[in-house]
file coords01.txt (compact mmCIF, C-alpha atoms)
# COMPACT_ATOMS: atom_id res chain seq x y z
CA MET X 219 25.84 -8.82 57.00
CA ARG X 220 23.47 -8.01 54.17
CA THR X 221 19.86 -8.94 54.77
CA PHE X 222 16.81 -7.50 53.11
CA ASP X 223 13.27 -7.86 54.40
CA LEU X 224 10.98 -8.40 51.39
CA SER X 225 7.80 -8.90 53.43
CA PRO X 226 6.46 -5.35 52.74
CA LEU X 227 6.62 -6.13 49.02
CA TYR X 228 4.57 -9.29 49.49
CA ARG X 229 1.75 -7.23 51.06
CA ASN X 230 1.43 -4.84 48.12
CA THR X 231 1.97 -7.03 45.08
CA VAL X 232 0.33 -10.00 43.45
CA GLY X 233 2.07 -12.52 41.21
CA PHE X 234 5.67 -11.50 41.91
CA ASP X 235 6.43 -14.44 44.22
CA ARG X 236 8.98 -15.96 41.82
CA LEU X 237 10.86 -12.67 41.50
CA PHE X 238 11.04 -12.20 45.26
CA SER X 239 12.23 -15.75 45.84
CA LEU X 240 14.97 -15.20 43.22
CA LEU X 241 16.06 -12.01 45.00
CA ASP X 242 15.99 -13.80 48.33
CA SER X 243 18.05 -16.74 47.08
CA ALA X 244 20.54 -14.42 45.37
CA GLY X 245 21.04 -12.61 48.66
CA ASN X 246 21.73 -15.84 50.52
CA VAL X 247 24.81 -16.72 48.46
CA GLU X 248 27.65 -17.17 50.89
CA GLY X 249 31.07 -18.78 50.80
CA GLY X 250 29.50 -22.23 50.29
CA ALA X 251 28.39 -21.50 46.72
CA PRO X 252 29.49 -24.22 44.29
CA THR X 253 32.30 -23.25 41.92
CA TYR X 254 32.60 -26.50 39.97
CA PRO X 255 32.40 -26.71 37.03
CA PRO X 256 33.29 -23.23 35.78
CA TYR X 257 30.92 -21.67 33.24
CA ASN X 258 30.32 -18.63 31.02
CA ILE X 259 27.06 -16.96 30.05
CA GLU X 260 27.21 -15.10 26.73
CA ARG X 261 24.75 -13.02 24.79
CA THR X 262 25.08 -14.11 21.16
CA GLY X 263 22.24 -12.04 19.69
CA GLU X 264 19.39 -9.74 20.60
CA ASN X 265 17.32 -12.66 21.91
CA ALA X 266 19.95 -15.42 21.94
CA TYR X 267 22.20 -16.63 24.75
CA ARG X 268 24.78 -19.36 25.27
CA VAL X 269 25.79 -21.08 28.50
CA THR X 270 29.21 -22.73 28.22
CA VAL X 271 30.29 -25.17 30.93
CA ALA X 272 33.78 -26.68 31.21
CA VAL X 273 33.20 -30.45 31.42
CA ALA X 274 36.61 -31.85 30.52
CA GLY X 275 36.68 -35.64 30.63
CA PHE X 276 32.90 -36.13 30.45
CA THR X 277 31.26 -37.92 27.54
CA PRO X 278 27.81 -36.99 26.18
CA GLU X 279 26.39 -40.12 27.84
CA GLU X 280 27.60 -38.90 31.26
CA LEU X 281 25.92 -35.49 30.90
CA SER X 282 22.24 -34.59 31.10
CA ILE X 283 20.34 -31.38 30.44
CA GLU X 284 16.84 -30.80 31.80
CA VAL X 285 14.49 -27.81 31.68
CA LYS X 286 11.66 -27.72 34.18
CA GLU X 287 9.60 -24.72 35.29
CA ASN X 288 12.05 -22.05 34.07
CA THR X 289 15.04 -23.86 35.59
CA LEU X 290 17.85 -25.23 33.43
CA SER X 291 19.66 -28.10 35.18
CA LEU X 292 22.97 -29.46 33.92
CA ARG X 293 24.20 -32.70 35.51
CA GLY X 294 27.32 -34.74 35.07
CA GLU X 295 28.17 -38.07 36.60
CA LYS X 296 31.25 -40.07 35.72
CA ALA X 297 30.77 -43.74 34.97
CA ALA X 298 32.67 -46.16 37.19
CA GLN X 299 36.06 -47.28 35.91
CA ALA X 300 35.53 -50.74 34.39
CA GLY X 301 39.23 -51.52 33.99
CA GLY X 302 39.85 -52.07 37.68
CA GLU X 303 43.26 -50.89 38.86
CA ALA X 304 45.13 -50.77 35.57
CA SER X 305 46.95 -47.60 36.64
CA GLN X 306 47.55 -45.75 39.86
CA VAL X 307 46.88 -42.02 39.91
CA LEU X 308 49.60 -40.20 41.81
CA TYR X 309 48.04 -36.75 41.53
CA ARG X 310 44.46 -35.91 40.49
CA GLY X 311 44.34 -32.32 39.22
CA ILE X 312 41.52 -32.90 36.74
CA ALA X 313 38.29 -32.99 38.67
CA ALA X 314 35.93 -35.69 37.49
CA ARG X 315 33.40 -35.49 40.28
CA ALA X 316 29.66 -35.44 39.81
CA PHE X 317 28.05 -32.03 39.56
CA GLU X 318 24.74 -30.29 39.14
CA ARG X 319 24.48 -26.70 37.96
CA ARG X 320 21.16 -24.81 37.89
CA PHE X 321 20.27 -21.65 36.03
CA GLN X 322 17.03 -19.69 36.39
CA LEU X 323 15.55 -18.85 32.99
CA ALA X 324 13.37 -15.85 32.27
CA ASP X 325 9.88 -16.31 30.87
CA HIS X 326 9.76 -17.38 27.21
CA VAL X 327 13.42 -18.55 27.17
CA GLU X 328 13.77 -21.95 25.51
CA VAL X 329 16.69 -24.31 24.95
CA LYS X 330 17.49 -24.37 21.24
CA GLY X 331 20.21 -27.02 21.36
CA ALA X 332 23.34 -28.31 23.04
CA SER X 333 26.75 -29.44 21.80
CA LEU X 334 29.92 -30.84 23.33
CA GLU X 335 33.23 -29.88 21.76
CA ASN X 336 36.77 -29.71 23.11
CA GLY X 337 35.62 -30.37 26.69
CA LEU X 338 33.07 -27.53 26.64
CA LEU X 339 29.32 -28.08 26.83
CA HIS X 340 27.49 -25.33 24.93
CA VAL X 341 23.78 -24.84 25.63
CA ASP X 342 22.10 -22.41 23.23
CA LEU X 343 19.07 -20.51 24.48
CA VAL X 344 16.63 -18.27 22.65
CA ARG X 345 13.95 -15.92 23.97
CA ASN X 346 10.75 -16.29 21.93
CA ILE X 347 8.45 -13.43 22.80
CA PRO X 348 4.83 -14.12 21.80
CA GLU X 349 3.32 -11.73 19.25
CA ALA X 350 0.76 -10.52 21.79
CA LYS X 351 3.57 -9.31 24.08
CA LYS X 352 5.68 -7.60 21.41
CA PRO X 353 5.38 -3.83 21.13
CA ARG X 354 3.25 -2.61 18.25
CA LEU X 355 2.62 0.78 16.70
CA ILE X 356 -0.89 2.20 16.77
CA PRO X 357 -1.71 4.36 13.75
CA ILE X 358 -2.99 7.85 14.46
CA THR X 359 -5.74 9.18 12.19
CA THR X 360 -6.68 12.80 11.63
CA GLY X 361 -10.12 14.31 11.45
CA VAL X 362 -13.20 13.91 13.58
CA ALA X 363 -12.97 10.95 15.88
CA GLN X 364 -16.00 8.72 15.67
CA PRO X 365 -16.57 6.24 18.46
CA GLN X 366 -16.44 2.65 17.42
CA THR X 367 -19.01 0.27 18.80
CA ILE X 368 -17.98 -3.21 19.64
CA GLU X 369 -20.69 -5.78 19.30
CA ALA X 370 -20.59 -8.74 21.59
CA LYS X 371 -22.05 -11.89 20.22
CA ALA X 372 -24.17 -13.69 22.76
CA ASP X 373 -23.53 -17.31 23.51
CA PRO X 374 -26.56 -19.37 22.32
CA ALA X 375 -26.56 -21.25 25.63
CA GLU X 376 -27.02 -18.00 27.57
CA VAL X 377 -29.95 -16.69 25.49
CA GLU X 378 -33.30 -17.64 26.99
CA ALA X 379 -35.87 -19.26 24.77
CA PRO X 380 -39.13 -17.27 24.42
CA ARG X 381 -41.71 -18.36 26.96
CA ALA X 382 -45.17 -19.38 25.94
CA ALA X 383 -47.93 -17.57 27.84
call {"tool": "encode", "arguments": {"input": "coords01.txt", "output": "structure tokens"}}
result
Amino acid sequence: MRTFDLSPLYRNTVGFDRLFSLLDSAGNVEGGAPTYPPYNIERTGENAYRVTVAVAGFTPEELSIEVKENTLSLRGEKAAQAGGEASQVLYRGIAARAFERRFQLADHVEVKGASLENGLLHVDLVRNIPEAKKPRLIPITTGVAQPQTIEAKADPAEVEAPRAA
């Protein structure tokens, strides 16, 4: 039995709700976790990733990929057999059931593309970090430090018009 009480963290932090809910949901994984279809997650570059899902027997029309609020959802649903009972399956070892697989994406991770080859669905992801969040070097000068003044320009709407006496 592994349970963690995260309520003390909620009292002392602001804006980490998503992180705590991810930790909470990760801790609740029990024997009922879905295992179909199998998948791999690879790191293909410094800021590039690839999710590969085994979807043997599915066509591109039977698969859908959706990204919503940092959640990547992969769905597959087999179309009904139009041929009727042309053949009788004696043993079904190839699963062709409907599925939905969800992956939580970090901030600034975007889907670059998807491809289906040899029964494997490849979803390529890239992390695009905005320039404002990238680390930058600050040059250090020598000599006497002189304070810099920053002038704020007033908004014309906020400046009062001179009053006539």
call {"tool": "closest_atom_pairs", "arguments": {"input": "coords01.txt", "of": "segment 258-277 of chain X", "to": "segment 288-298 of chain X", "cutoff": "10 Å", "atoms": "only C-alpha atoms", "output": "CSV"}}
result
residue,atom,partner,partner_atom,distance
X:Val271,CA,X:Leu292,CA,9.0
X:Val273,CA,X:Gly294,CA,8.1
X:Gly275,CA,X:Lys296,CA,8.7
X:Phe276,CA,X:Lys296,CA,6.8
X:Thr277,CA,X:Lys296,CA,8.5
call {"tool": "residues_around", "arguments": {"input": "coords01.txt", "residues": "Glu264 of chain X", "least_positions_apart": "6", "cutoff": "12 Å", "atoms": "only C-alpha atoms", "output": "list in words"}}
result
Leu343, Val344, Arg345, Asn346 and Ile347 of chain X
call {"tool": "write_last_selection", "arguments": {"input": "coords01.txt", "atoms": "C-alpha atoms", "output": "PDB file, in the coordinates of the input"}}
result
ATOM      1  CA  LEU X 343      19.070 -20.510  24.480  1.00  0.00           C
ATOM      2  CA  VAL X 344      16.630 -18.270  22.650  1.00  0.00           C
ATOM      3  CA  ARG X 345      13.950 -15.920  23.970  1.00  0.00           C
ATOM      4  CA  ASN X 346      10.750 -16.290  21.930  1.00  0.00           C
ATOM      5  CA  ILE X 347       8.450 -13.430  22.800  1.00  0.00           C
TER       6      ILE X 347
END
call {"tool": "atom_distance", "arguments": {"input": "coords01.txt", "atom1": "atom CA of His326 of chain X", "atom2": "atom CA of Pro348 of chain X"}}
result
8.0 Å
call {"tool": "closest_residue", "arguments": {"input": "coords01.txt", "among": "X:Arg261, X:Arg268, X:Lys351, X:Arg236", "to": "Lys330 of chain X", "atoms": "all atoms listed in the file"}}
result
X:Arg268
call {"tool": "closest_residue", "arguments": {"input": "coords01.txt", "among": "X:Arg310, X:His340, X:Arg320, X:Lys352", "to": "Tyr254 of chain X", "atoms": "all atoms listed in the file"}}
result
X:Arg320
call {"tool": "closest_residue", "arguments": {"input": "coords01.txt", "among": "X:Gln306, X:Gln366, X:Ser333, X:Asn265", "to": "Leu281 of chain X", "atoms": "all atoms listed in the file"}}
result
X:Ser333
call {"tool": "atom_distance", "arguments": {"input": "coords01.txt", "atom1": "atom CA of Asp325 of chain X", "atom2": "atom CA of Ala266 of chain X"}}
result
13.5 Å
call {"tool": "atom_distance", "arguments": {"input": "coords01.txt", "atom1": "atom CA of Ala332 of chain X", "atom2": "atom CA of Gly311 of chain X"}}
result
26.8 Å
call {"tool": "residues_around", "arguments": {"input": "coords01.txt", "residues": "Tyr257 of chain X", "least_positions_apart": "4", "cutoff": "8 Å", "atoms": "all atoms listed in the file", "output": "list in words"}}
result
Val269, Thr270, Val271 and Ala272 of chain X
